[in-house]
$ cat my_file-v8.cif   # mmCIF, C-alpha atoms and all ligand atoms
data_final
#
loop_
_atom_site.label_atom_id
_atom_site.label_comp_id
_atom_site.auth_asym_id
_atom_site.auth_seq_id
_atom_site.Cartn_x
_atom_site.Cartn_y
_atom_site.Cartn_z
CA MET A 818 -22.60 -12.04 57.94
CA SER A 819 -22.11 -14.07 54.75
CA ASP A 820 -19.44 -13.13 52.23
CA LEU A 821 -22.18 -11.78 49.97
CA GLU A 822 -23.61 -9.57 52.68
CA GLN A 823 -20.10 -8.42 53.60
CA ARG A 824 -19.37 -7.49 50.01
CA LEU A 825 -22.65 -5.55 49.78
CA ALA A 826 -21.83 -3.75 53.03
CA ASP A 827 -18.40 -2.84 51.63
CA LEU A 828 -20.04 -1.38 48.53
CA GLU A 829 -22.44 0.59 50.76
CA ASP A 830 -19.47 2.01 52.76
CA GLN A 831 -17.74 3.07 49.56
CA GLY A 832 -20.88 4.76 48.23
CA LEU A 833 -20.95 2.18 45.43
CA ARG A 834 -24.01 0.09 46.31
CA ARG A 835 -26.45 -0.06 43.40
CA ARG A 836 -30.20 -0.35 43.56
CA MET A 837 -32.82 -0.37 40.85
CA ARG A 838 -35.40 2.38 40.97
CA LEU A 839 -38.95 1.50 39.97
CA VAL A 840 -40.52 3.20 36.96
CA SER A 841 -44.24 2.82 36.36
CA GLY A 842 -45.37 3.16 32.75
CA PRO A 843 -43.29 3.59 29.59
CA GLN A 844 -39.83 5.20 29.35
CA GLY A 845 -40.98 8.59 28.09
CA SER A 846 -39.43 11.99 28.72
CA ARG A 847 -41.36 12.07 32.01
CA VAL A 848 -41.75 9.03 34.22
CA VAL A 849 -43.14 8.10 37.61
CA LEU A 850 -40.09 7.05 39.63
CA ASP A 851 -40.71 5.24 42.91
CA GLY A 852 -44.12 6.96 42.90
CA ARG A 853 -42.80 10.46 42.13
CA PRO A 854 -43.25 12.20 38.74
CA VAL A 855 -39.87 13.31 37.38
CA LEU A 856 -38.25 14.49 34.19
CA LEU A 857 -36.23 11.55 32.84
CA LEU A 858 -32.75 12.84 32.03
CA CYS A 859 -30.72 9.62 31.84
CA SER A 860 -32.41 7.34 29.34
CA ASN A 861 -30.82 6.13 26.11
CA ASN A 862 -34.26 6.20 24.50
CA TYR A 863 -32.88 9.36 22.91
CA LEU A 864 -35.52 9.87 20.25
CA GLY A 865 -38.50 8.81 22.32
CA LEU A 866 -39.16 5.96 19.89
CA ALA A 867 -39.59 3.28 22.58
CA GLU A 868 -43.03 4.72 23.30
CA HIS A 869 -43.84 5.96 19.77
CA GLN A 870 -47.26 4.82 18.57
CA ARG A 871 -46.00 3.39 15.26
CA VAL A 872 -43.17 1.52 16.97
CA ARG A 873 -45.53 0.02 19.54
CA GLU A 874 -48.02 -1.00 16.87
CA ALA A 875 -45.30 -2.62 14.78
CA ALA A 876 -44.24 -4.67 17.79
CA ALA A 877 -47.82 -5.65 18.54
CA ASP A 878 -48.50 -6.62 14.89
CA ALA A 879 -45.32 -8.70 14.76
CA ALA A 880 -46.32 -10.51 17.93
CA MET A 881 -49.57 -11.51 16.24
CA ARG A 882 -48.00 -12.39 12.91
CA TYR A 883 -44.73 -14.06 13.98
CA GLY A 884 -45.22 -14.85 17.65
CA ALA A 885 -43.55 -13.67 20.83
CA GLY A 886 -40.25 -15.47 20.47
CA ALA A 887 -37.86 -16.67 17.78
CA GLY A 888 -37.66 -20.17 19.23
CA ALA A 889 -33.96 -20.86 18.75
CA SER A 890 -30.72 -19.60 17.30
CA ARG A 891 -31.21 -18.68 13.65
CA LEU A 892 -28.61 -21.30 12.75
CA VAL A 893 -30.77 -23.99 14.28
CA SER A 894 -34.43 -23.38 13.44
CA GLY A 895 -33.89 -20.97 10.57
CA THR A 896 -33.94 -17.22 10.32
CA MET A 897 -37.30 -15.51 10.14
CA SER A 898 -38.05 -13.22 7.22
CA ILE A 899 -38.36 -10.25 9.57
CA HIS A 900 -34.77 -10.67 10.81
CA ARG A 901 -33.54 -10.69 7.21
CA ARG A 902 -35.53 -7.59 6.39
CA LEU A 903 -34.08 -5.66 9.33
CA GLU A 904 -30.54 -6.74 8.42
CA GLN A 905 -30.99 -5.45 4.87
CA ARG A 906 -32.42 -2.16 6.11
CA LEU A 907 -29.60 -1.70 8.63
CA ALA A 908 -26.94 -2.43 6.01
CA SER A 909 -28.36 0.17 3.67
CA PHE A 910 -28.74 2.66 6.58
CA LYS A 911 -25.07 2.20 7.50
CA GLY A 912 -23.84 1.98 3.90
CA THR A 913 -22.41 -1.54 4.20
CA GLU A 914 -22.93 -4.71 2.15
CA ALA A 915 -24.46 -6.66 5.00
CA ALA A 916 -25.53 -6.62 8.62
CA VAL A 917 -25.89 -9.38 11.21
CA LEU A 918 -28.27 -9.17 14.15
CA PHE A 919 -27.20 -10.02 17.69
CA GLY A 920 -29.26 -10.38 20.85
CA SER A 921 -27.83 -7.18 22.36
CA GLY A 922 -24.97 -4.72 22.05
CA TYR A 923 -23.21 -6.51 24.86
CA LEU A 924 -23.38 -9.76 22.91
CA ALA A 925 -22.38 -8.07 19.64
CA ASN A 926 -19.24 -6.50 21.10
CA THR A 927 -18.06 -9.57 22.96
CA GLY A 928 -18.86 -11.66 19.87
CA VAL A 929 -17.24 -9.45 17.26
CA VAL A 930 -14.05 -8.71 19.17
CA SER A 931 -13.44 -12.33 20.18
CA ALA A 932 -14.35 -13.72 16.73
CA LEU A 933 -12.00 -11.27 14.98
CA ALA A 934 -9.16 -11.93 17.38
CA THR A 935 -9.49 -15.64 16.63
CA ALA A 936 -9.42 -15.01 12.86
CA SER A 937 -5.90 -13.64 12.88
CA GLY A 938 -4.40 -16.13 15.32
CA PRO A 939 -2.88 -16.09 18.80
CA ASP A 940 -0.42 -13.33 17.87
CA THR A 941 -3.24 -10.79 17.52
CA VAL A 942 -3.08 -7.54 19.47
CA VAL A 943 -6.31 -5.71 20.34
CA TYR A 944 -5.91 -1.93 20.70
CA SER A 945 -8.71 -0.60 22.88
CA ASP A 946 -9.54 2.98 23.95
CA ALA A 947 -9.22 3.45 27.73
CA LEU A 948 -12.85 4.54 28.03
CA ASN A 949 -14.44 1.89 25.82
CA HIS A 950 -17.70 0.33 26.96
CA ALA A 951 -17.54 -2.63 29.35
CA SER A 952 -18.81 -4.97 26.62
CA ILE A 953 -15.73 -4.19 24.50
CA VAL A 954 -13.50 -4.73 27.52
CA ASP A 955 -15.16 -8.10 28.09
CA GLY A 956 -14.72 -8.91 24.38
CA CYS A 957 -10.98 -8.27 24.82
CA ARG A 958 -10.89 -10.60 27.83
CA LEU A 959 -12.79 -13.28 26.00
CA ALA A 960 -10.50 -12.99 22.99
CA ARG A 961 -7.53 -14.00 25.14
CA ALA A 962 -5.47 -11.89 22.76
CA GLN A 963 -2.97 -9.37 24.06
CA THR A 964 -4.89 -6.16 24.79
CA VAL A 965 -3.18 -2.80 24.60
CA VAL A 966 -5.20 0.02 26.15
CA TYR A 967 -4.43 3.37 24.55
CA ASP A 968 -5.12 6.74 26.17
CA HIS A 969 -8.60 8.02 25.55
CA CYS A 970 -8.98 9.41 22.00
CA ASP A 971 -5.20 9.90 21.83
CA THR A 972 -4.10 8.99 18.30
CA ASP A 973 -0.45 9.80 19.06
CA HIS A 974 -0.50 7.21 21.81
CA LEU A 975 -2.39 4.77 19.57
CA ARG A 976 0.29 5.22 16.88
CA TRP A 977 3.00 4.59 19.47
CA CYS A 978 1.21 1.41 20.61
CA LEU A 979 0.88 0.20 17.01
CA GLU A 980 4.58 0.84 16.43
CA GLN A 981 5.45 -1.38 19.40
CA HIS A 982 3.81 -4.35 17.71
CA THR A 983 4.46 -3.86 13.99
CA GLY A 984 4.20 -7.06 12.01
CA ARG A 985 1.60 -8.57 14.31
CA PRO A 986 -2.06 -8.79 13.29
CA GLY A 987 -4.19 -6.25 15.11
CA ILE A 988 -7.66 -4.90 15.77
CA ILE A 989 -8.38 -1.33 16.85
CA VAL A 990 -11.68 -1.05 18.69
CA THR A 991 -13.36 2.13 19.84
CA ASP A 992 -16.72 3.61 20.80
CA SER A 993 -17.70 6.33 18.32
CA VAL A 994 -19.65 8.43 20.85
CA PHE A 995 -18.36 7.56 24.32
CA SER A 996 -21.14 6.36 26.57
CA MET A 997 -20.20 8.15 29.79
CA ASP A 998 -18.43 11.25 28.43
CA GLY A 999 -20.35 12.04 25.27
CA ASP A 1000 -17.22 12.91 23.34
CA VAL A 1001 -16.53 11.51 19.88
CA ALA A 1002 -13.54 9.42 18.80
CA PRO A 1003 -11.28 10.98 16.12
CA LEU A 1004 -12.58 8.47 13.60
CA ALA A 1005 -10.89 9.81 10.45
CA ASP A 1006 -7.47 9.67 12.13
CA ILE A 1007 -8.12 6.21 13.55
CA VAL A 1008 -9.15 4.93 10.10
CA ALA A 1009 -5.91 6.35 8.67
CA LEU A 1010 -3.87 4.57 11.36
CA ALA A 1011 -5.69 1.27 10.78
CA ARG A 1012 -4.85 1.54 7.06
CA GLU A 1013 -1.24 2.56 7.65
CA PHE A 1014 -0.56 -0.32 10.04
CA GLY A 1015 -2.72 -2.86 8.21
CA VAL A 1016 -4.92 -3.68 11.20
CA ARG A 1017 -8.68 -4.16 11.41
CA LEU A 1018 -11.04 -1.59 12.87
CA VAL A 1019 -14.23 -2.06 14.89
CA VAL A 1020 -16.34 0.99 15.79
CA ASP A 1021 -19.18 0.82 18.30
CA GLU A 1022 -21.94 3.22 17.26
CA ALA A 1023 -24.23 2.43 20.22
CA HIS A 1024 -24.71 6.14 20.93
CA GLY A 1025 -24.15 7.42 17.40
CA THR A 1026 -26.82 5.41 15.57
CA GLY A 1027 -29.94 7.54 15.10
CA CYS A 1028 -28.36 10.47 16.94
CA CYS A 1029 -25.73 12.15 14.82
CA GLY A 1030 -24.66 12.44 11.21
CA PRO A 1031 -26.89 12.92 8.18
CA GLU A 1032 -30.33 11.34 8.84
CA GLY A 1033 -28.97 9.99 12.11
CA ARG A 1034 -26.70 7.54 10.30
CA GLY A 1035 -24.08 7.85 13.02
CA ALA A 1036 -20.71 9.34 13.86
CA ILE A 1037 -18.91 7.52 11.04
CA ALA A 1038 -21.17 9.17 8.48
CA ASP A 1039 -20.86 12.45 10.40
CA ALA A 1040 -17.07 12.30 10.09
CA GLY A 1041 -17.34 11.68 6.35
CA VAL A 1042 -15.57 8.35 6.78
CA ASP A 1043 -16.19 5.65 4.15
CA PRO A 1044 -18.06 2.87 5.99
CA ALA A 1045 -16.06 0.34 3.97
CA ALA A 1046 -12.93 1.58 5.81
CA VAL A 1047 -14.37 0.19 9.05
CA ASP A 1048 -14.32 -3.61 9.23
CA VAL A 1049 -17.27 -3.86 11.61
CA ILE A 1050 -19.70 -1.15 12.71
CA VAL A 1051 -21.57 -2.28 15.81
CA GLY A 1052 -24.84 -0.60 16.73
CA THR A 1053 -27.63 -1.33 19.16
CA LEU A 1054 -31.37 -1.38 18.65
CA GLY A 1055 -31.93 -0.67 22.33
CA LYS A 1056 -31.00 3.00 22.47
CA ALA A 1057 -32.11 5.54 19.86
CA LEU A 1058 -34.06 2.83 18.02
CA GLY A 1059 -36.16 2.23 21.11
CA SER A 1060 -36.20 -1.56 20.99
CA TYR A 1061 -33.80 -4.33 21.99
CA GLY A 1062 -31.03 -6.13 20.14
CA ALA A 1063 -27.98 -5.10 18.14
CA PHE A 1064 -26.21 -5.50 14.83
CA ALA A 1065 -22.82 -5.70 13.18
CA ALA A 1066 -22.76 -3.86 9.83
CA CYS A 1067 -19.93 -5.07 7.61
CA SER A 1068 -18.94 -6.68 4.31
CA ALA A 1069 -20.74 -9.80 3.10
CA THR A 1070 -17.65 -11.90 3.84
CA MET A 1071 -17.36 -10.52 7.34
CA ALA A 1072 -21.07 -11.19 7.95
CA ASP A 1073 -20.56 -14.78 6.79
CA TYR A 1074 -17.51 -15.10 9.05
CA LEU A 1075 -19.36 -13.75 12.10
CA THR A 1076 -22.32 -16.04 11.42
CA ASN A 1077 -19.91 -18.96 11.46
CA THR A 1078 -17.75 -17.98 14.43
CA ALA A 1079 -19.41 -15.50 16.82
CA ARG A 1080 -20.52 -17.75 19.65
CA GLN A 1081 -22.87 -15.05 21.01
CA LEU A 1082 -24.81 -15.34 17.76
CA ILE A 1083 -24.57 -19.11 17.27
CA PHE A 1084 -25.42 -20.20 20.80
CA SER A 1085 -28.13 -17.69 21.65
CA THR A 1086 -31.78 -17.39 20.66
CA ALA A 1087 -32.49 -14.88 17.89
CA PRO A 1088 -34.03 -11.52 18.89
CA PRO A 1089 -37.81 -11.79 19.40
CA PRO A 1090 -39.95 -10.74 16.39
CA PRO A 1091 -41.71 -7.86 18.22
CA SER A 1092 -38.31 -6.29 19.03
CA VAL A 1093 -37.15 -6.72 15.44
CA ALA A 1094 -40.36 -5.18 14.07
CA ALA A 1095 -40.12 -2.30 16.53
CA ALA A 1096 -36.58 -1.56 15.37
CA LEU A 1097 -37.71 -1.67 11.74
CA ALA A 1098 -40.47 0.85 12.45
CA ALA A 1099 -38.07 3.07 14.41
CA LEU A 1100 -35.56 2.98 11.58
CA ASP A 1101 -38.29 4.04 9.14
CA LEU A 1102 -39.15 7.00 11.37
CA VAL A 1103 -35.51 8.08 11.69
CA ILE A 1104 -34.99 7.94 7.92
CA GLU A 1105 -38.33 9.60 7.08
CA ASP A 1106 -37.90 12.43 9.54
CA PRO A 1107 -34.37 13.82 9.86
CA SER A 1108 -35.67 16.26 12.46
CA TYR A 1109 -35.30 13.56 15.14
CA ALA A 1110 -31.52 13.87 15.09
CA THR A 1111 -31.55 17.65 14.67
CA ARG A 1112 -34.00 18.13 17.56
CA LEU A 1113 -31.81 15.92 19.73
CA GLN A 1114 -28.75 18.03 18.92
CA ALA A 1115 -30.65 21.28 19.49
CA ASN A 1116 -31.85 19.99 22.86
CA ALA A 1117 -28.33 18.97 23.83
CA ASN A 1118 -27.15 22.51 23.04
CA THR A 1119 -30.00 24.01 25.05
CA LEU A 1120 -29.13 21.93 28.11
CA ARG A 1121 -25.39 22.62 27.74
CA ASP A 1122 -26.03 26.37 27.58
CA ALA A 1123 -28.40 26.27 30.56
CA LEU A 1124 -25.91 24.26 32.63
CA ALA A 1125 -23.09 26.63 31.75
CA ARG A 1126 -25.25 29.56 32.88
CA GLU A 1127 -25.72 27.77 36.21
CA GLY A 1128 -21.94 27.63 36.56
CA PHE A 1129 -21.38 24.01 35.56
CA GLU A 1130 -18.33 23.16 33.52
CA VAL A 1131 -19.66 21.51 30.41
CA ALA A 1132 -17.32 19.75 28.05
CA GLY A 1133 -17.02 20.88 24.47
CA ALA A 1134 -18.59 17.87 22.75
CA SER A 1135 -21.94 18.39 21.08
CA THR A 1136 -23.62 15.02 21.56
CA GLN A 1137 -26.73 14.17 23.57
CA ILE A 1138 -24.64 12.81 26.49
CA ILE A 1139 -23.54 15.45 28.99
CA PRO A 1140 -21.44 14.40 32.00
CA LEU A 1141 -21.51 16.54 35.14
CA ILE A 1142 -18.34 15.33 36.80
CA VAL A 1143 -18.52 15.47 40.59
CA GLY A 1144 -15.58 13.26 41.59
CA ASP A 1145 -16.64 11.57 44.81
CA ALA A 1146 -19.12 8.68 44.49
CA ALA A 1147 -21.15 9.42 47.62
CA LEU A 1148 -21.41 13.10 46.68
CA ALA A 1149 -22.63 12.20 43.20
CA MET A 1150 -25.31 9.98 44.77
CA ARG A 1151 -26.33 12.77 47.14
CA ILE A 1152 -26.78 15.24 44.28
CA CYS A 1153 -28.74 12.62 42.34
CA GLU A 1154 -31.14 12.06 45.27
CA LEU A 1155 -31.64 15.80 45.79
CA ALA A 1156 -32.31 16.32 42.09
CA ILE A 1157 -34.95 13.58 42.18
CA GLU A 1158 -36.61 15.41 45.07
CA GLY A 1159 -36.57 18.45 42.77
CA GLY A 1160 -38.23 16.44 40.00
CA VAL A 1161 -35.23 15.56 37.80
CA PHE A 1162 -33.89 12.03 37.43
CA ALA A 1163 -30.25 11.93 36.32
CA GLN A 1164 -28.61 8.74 37.55
CA ALA A 1165 -25.23 9.03 39.32
CA ILE A 1166 -22.60 6.94 37.56
CA ARG A 1167 -19.80 5.56 39.73
CA PRO A 1168 -16.82 3.21 39.44
CA PRO A 1169 -16.27 0.75 37.89
CA THR A 1170 -18.49 2.21 35.13
CA VAL A 1171 -16.27 5.32 35.20
CA PRO A 1172 -12.69 5.72 36.50
CA GLU A 1173 -12.09 6.26 40.22
CA GLY A 1174 -12.56 9.90 41.28
CA THR A 1175 -14.73 10.79 38.27
CA SER A 1176 -18.19 9.88 39.55
CA ARG A 1177 -20.74 11.94 37.75
CA LEU A 1178 -24.31 12.63 36.83
CA ARG A 1179 -24.60 11.40 33.28
CA LEU A 1180 -27.24 13.52 31.64
CA ALA A 1181 -28.86 12.18 28.49
CA VAL A 1182 -31.07 14.49 26.50
CA MET A 1183 -34.07 13.24 24.53
CA ALA A 1184 -35.52 14.71 21.34
CA SER A 1185 -38.89 14.73 23.11
CA HIS A 1186 -37.78 17.06 25.92
CA THR A 1187 -38.96 20.65 25.63
CA LYS A 1188 -36.53 23.53 25.93
CA ALA A 1189 -38.40 24.77 29.02
CA GLU A 1190 -38.01 21.35 30.67
CA LEU A 1191 -34.29 21.36 30.01
CA ARG A 1192 -33.76 24.89 31.37
CA GLU A 1193 -35.74 24.01 34.47
CA ALA A 1194 -33.69 20.80 34.85
CA ALA A 1195 -30.44 22.78 34.80
CA ALA A 1196 -31.73 24.99 37.62
CA VAL A 1197 -32.83 21.94 39.64
CA LEU A 1198 -29.43 20.32 39.18
CA ALA A 1199 -27.63 23.49 40.25
CA ARG A 1200 -29.78 23.72 43.41
CA ALA A 1201 -29.17 20.04 44.17
CA ALA A 1202 -25.43 20.46 43.73
CA MET A 1203 -25.37 23.51 45.99
CA GLN A 1204 -27.47 21.77 48.66
CA ALA A 1205 -25.09 18.81 48.60
CA GLY A 1206 -22.19 21.19 49.17
CA PHE A 1207 -20.80 20.90 45.65
CA ARG A 1208 -19.93 24.11 43.84
CA PRO A 1209 -20.81 23.48 40.20
CA ALA A 1210 -17.68 25.20 38.95
CA SER A 1211 -15.42 22.90 40.97
CA GLY A 1212 -16.20 19.96 38.70
CA LEU A 1213 -13.36 18.22 36.96
CA PRO A 1214 -13.31 18.73 33.22
CA VAL A 1215 -13.84 15.62 31.13
CA ALA A 1216 -10.13 15.55 30.31
CA ALA A 1217 -9.50 14.62 33.94
CA THR A 1218 -10.94 11.23 33.19
CA GLN A 1219 -8.25 10.59 30.62
CA GLY A 1220 -5.10 8.76 31.42
CA PRO A 1221 -3.19 5.57 30.86
CA ALA A 1222 -4.78 3.86 33.83
CA SER A 1223 -8.04 2.18 32.89
CA PRO A 1224 -9.83 0.64 35.84
CA ARG A 1225 -12.47 -0.71 33.49
CA HIS A 1226 -9.94 -2.70 31.52
CA ALA A 1227 -8.01 -3.67 34.65
CA ALA A 1228 -10.94 -4.70 36.84
CA ALA A 1229 -11.15 -8.43 37.45
C1 LIG B 1301 -25.18 0.24 25.86
C2 LIG B 1301 -23.91 -0.01 25.15
C3 LIG B 1301 -23.64 -1.27 24.63
C4 LIG B 1301 -24.51 -2.45 24.93
O1 LIG B 1301 -25.66 -2.43 24.19
P1 LIG B 1301 -26.96 -3.22 24.72
O2 LIG B 1301 -27.76 -3.40 23.49
O3 LIG B 1301 -27.58 -2.37 25.75
O4 LIG B 1301 -26.47 -4.53 25.29
C5 LIG B 1301 -22.52 -1.42 23.85
N1 LIG B 1301 -21.68 -0.38 23.63
C6 LIG B 1301 -21.89 0.83 24.14
C7 LIG B 1301 -20.93 1.93 23.88
C8 LIG B 1301 -23.01 1.05 24.94
O5 LIG B 1301 -23.21 2.23 25.51
#
$ encode --input "my_file-v8.cif" --output "structure tokens"
Amino acid sequence: MSDLEQRLADLEDQGLRRRMRLVSGPQGSRVVLDGRPVLLLCSNNYLGLAEHQRVREAAADAAMRYGAGAGASRLVSGTMSIHRRLEQRLASFKGTEAAVLFGSGYLANTGVVSALATASGPDTVVYSDALNHASIVDGCRLARAQTVVYDHCDTDHLRWCLEQHTGRPGIIVTDSVFSMDGDVAPLADIVALAREFGVRLVVDEAHGTGCCGPEGRGAIADAGVDPAAVDVIVGTLGKALGSYGAFAACSATMADYLTNTARQLIFSTAPPPPSVAAALAALDLVIEDPSYATRLQANANTLRDALAREGFEVAGASTQIIPLIVGDAALAMRICELAIEGGVFAQAIRPPTVPEGTSRLRLAVMASHTKAELREAAAVLARAAMQAGFRPASGLPVAATQGPASPRHAAA
């Protein structure tokens, strides 16, 4: 057995082996998964815009008008007018002076965090929430700055960490809506701490953009926080906006700085025109029709209520992401497989994506689900859990995932 095969066998033994499932057709609220029709309950295509007619047509038109690819980095062969237009629209959507496109959210986070850490010199400290997305964690690693991981959403601990390093330049970085727990960072308090200690603040709105706040403007707008108080707002085009790519919304100076220093922007081909046009069309729809965000929230409440009636412990947050914490990785996989047999696809999420002992089914509601579908899904999930020998009520509450240890930050 080669070392690769051995490593794969180890993952299998630990219940951590990953495989891709095959979906035929678009990522709608129902998909055909490995040949079986199921309700899709784990997509980040929250508003159903990836398969929206207007979004598809915009992508197709852009392919004809601008071509399939951007050809090079925008710093090499020039930016296309469509990239500019999307940046202007995103800046006005987020209430910032400027926005800069990146190839993906992963690239945006690694680029922004490392570029900012370089700006303030080798003494910089990055303060990162324990449950931040892997791309932020990798940005911290790339920055080679000292990284201090604070307890999840714990502003007392964040304050304590800041006090340990007073006088040194710093960057606080946090998800707004946490990707695997669906809870929301205490943004107003974090902004106040950033001001008090004179450090920069980066907020990742990957799961907030299009989903919460007035007209889906995000969690920062929802919290009533002045966008100018956040140095960089990162968002992706790949989730609620149904396309692919990402952006950093910020001041004009910051945009200029990122354009000059973020290697993920400089040394990578610009997002393809069809993706940019699709995001533009999706943004139009979100702004035109505020019912996208409200329907998403209403659906999240419907599923939460239905799950609670089935005996599941559902955390208090109100976002479209609902974790059913199971604990054991193999058990989470078993429940996932049984639910698929029952016609509901909710992917099991295991370490290192989530901390050890907190494997879960991460449910993601879409605005295009019907209430009947969501109620039925809750019943299917309860049956699957029971069949797998898991009593719904024995789930760990989300708070159990919180703690100083952060396998995601620690993992090599
Ligand atoms: C998905 C995600 C990203 C990465 O975005 P992509 O555009 O998919 O690369 C970044 N941050 C968070 C919180 C995410 O969930």
$ residues_near_ligand --input "my_file-v8.cif" --ligand "ligand LIG 1301 (chain B)" --cutoff "10 Å" --atoms "all atoms listed in the file" --output "count of residues only"
40
$ closest_residue --input "my_file-v8.cif" --among "A:Ala962, A:Ala1095, A:Gly1144, A:Ala934" --to "Val1171 (chain A)" --atoms "only C-alpha atoms"
A:Gly1144
$ atom_distance --input "my_file-v8.cif" --atom1 "CA of Leu918 (chain A)" --atom2 "CA of Ala1099 (chain A)"
15.7 Å
$ residues_around --input "my_file-v8.cif" --residues "Ala885 (chain A)" --least-positions-apart "2" --cutoff "8 Å" --atoms "only C-alpha atoms" --output "PyMOL selection string"
chain A and resi 880-881+883+887+1089-1091
$ write_last_selection --input "my_file-v8.cif" --atoms "C-alpha atoms" --output "compact mmCIF listing (two decimals), keeping the file's coordinate frame"
# COMPACT_ATOMS: atom_id res chain seq x y z
CA ALA A 880 -46.32 -10.51 17.93
CA MET A 881 -49.57 -11.51 16.24
CA TYR A 883 -44.73 -14.06 13.98
CA ALA A 887 -37.86 -16.67 17.78
CA PRO A 1089 -37.81 -11.79 19.40
CA PRO A 1090 -39.95 -10.74 16.39
CA PRO A 1091 -41.71 -7.86 18.22
$ axis_aligned_box --input "my_file-v8.cif" --around "region 1145-1161 of chain A" --padding-each-side "6 Å" --output "AutoDock Vina command-line options"
--center_x -27.4 --center_y 13.6 --center_z 42.7 --size_x 33.6 --size_y 21.8 --size_z 21.8
$ residues_around --input "my_file-v8.cif" --residues "Asn1116 (chain A)" --least-positions-apart "4" --cutoff "7 Å" --atoms "all atoms listed in the file" --output "MDAnalysis selection string"
chainID A and resid 1112 1120 1182 1184 1188
$ closest_residue --input "my_file-v8.cif" --among "A:Glu1193, A:Glu914, A:Asp998, A:Glu1013" --to "Thr1119 (chain A)" --atoms "all atoms listed in the file"
A:Glu1193
$ closest_residue --input "my_file-v8.cif" --among "A:Ala932, A:Val893, A:Ala1147, A:Leu864" --to "Gln1081 (chain A)" --atoms "all atoms listed in the file"
A:Ala932
$ atom_distance --input "my_file-v8.cif" --atom1 "CA of Arg1151 (chain A)" --atom2 "CA of Val1001 (chain A)"
29.0 Å
$ closest_residue --input "my_file-v8.cif" --among "A:Glu904, A:Asp827, A:Glu1173, A:Glu980" --to "Ala1069 (chain A)" --atoms "only C-alpha atoms"
A:Glu904
$ residues_near_point --input "my_file-v8.cif" --point "(-34.3, 24.5, 36.2)" --cutoff "12 Å" --atoms "all atoms listed in the file" --output "VMD selection string"
chain A and resid 856 1119 to 1120 1123 to 1124 1126 to 1127 1156 1159 to 1161 1188 to 1201
$ atom_distance --input "my_file-v8.cif" --atom1 "CA of Ala1040 (chain A)" --atom2 "CA of Ala1094 (chain A)"
29.4 Å
$ residues_around --input "my_file-v8.cif" --residues "Ala1165 (chain A)" --least-positions-apart "2" --cutoff "9 Å" --atoms "only C-alpha atoms" --output "number ranges by chain"
A: 1146, 1149-1154, 1163, 1167, 1176-1179
$ closest_residue --input "my_file-v8.cif" --among "A:Met897, A:Val848, A:Ala1045, A:Cys1029" --to "Thr1111 (chain A)" --atoms "all atoms listed in the file"
A:Cys1029
$ closest_residue --input "my_file-v8.cif" --among "A:Arg824, A:Arg838, A:His869, A:Arg891" --to "Leu1082 (chain A)" --atoms "all atoms listed in the file"
A:Arg891
$ residues_around --input "my_file-v8.cif" --residues "Pro843 (chain A)" --least-positions-apart "6" --cutoff "10 Å" --atoms "all atoms listed in the file" --output "MDAnalysis selection string"
chainID A and resid 849 867:868
$ residues_near_point --input "my_file-v8.cif" --point "(-6.4, 6.8, 14.0)" --cutoff "12 Å" --atoms "all atoms listed in the file" --output "ChimeraX atom specification"
/A:944-946,967,969-979,988-991,1002-1020,1042,1046-1047
$ decode --input "my_file-v8.cif" --residues "region 991-1018 of chain A" --atoms "C-alpha atoms" --output "tab-separated table (two decimals), in the first residue's frame"
chain	number	residue	atom	x	y	z
A	991	THR	CA	-14.31	37.38	11.62
A	992	ASP	CA	-17.06	35.71	9.61
A	993	SER	CA	-20.30	37.68	9.95
A	994	VAL	CA	-22.59	34.65	9.61
A	995	PHE	CA	-20.59	31.57	10.58
A	996	SER	CA	-20.55	29.01	7.80
A	997	MET	CA	-21.03	25.82	9.83
A	998	ASP	CA	-23.02	27.14	12.81
A	999	GLY	CA	-25.22	29.81	11.29
A	1000	ASP	CA	-24.75	32.15	14.22
A	1001	VAL	CA	-23.84	35.80	13.77
A	1002	ALA	CA	-20.78	37.60	15.13
A	1003	PRO	CA	-21.46	40.45	17.61
A	1004	LEU	CA	-20.43	42.96	14.97
A	1005	ALA	CA	-21.30	46.19	16.81
A	1006	ASP	CA	-19.18	45.15	19.81
A	1007	ILE	CA	-16.31	44.02	17.60
A	1008	VAL	CA	-16.35	47.35	15.73
A	1009	ALA	CA	-16.21	49.16	19.10
A	1010	LEU	CA	-13.20	47.07	20.16
A	1011	ALA	CA	-11.40	47.67	16.85
A	1012	ARG	CA	-11.89	51.43	17.36
A	1013	GLU	CA	-10.85	51.37	21.01
A	1014	PHE	CA	-7.64	49.46	20.33
A	1015	GLY	CA	-6.89	51.15	17.01
A	1016	VAL	CA	-6.74	47.93	14.99
A	1017	ARG	CA	-8.16	47.12	11.56
A	1018	LEU	CA	-11.25	45.01	11.02
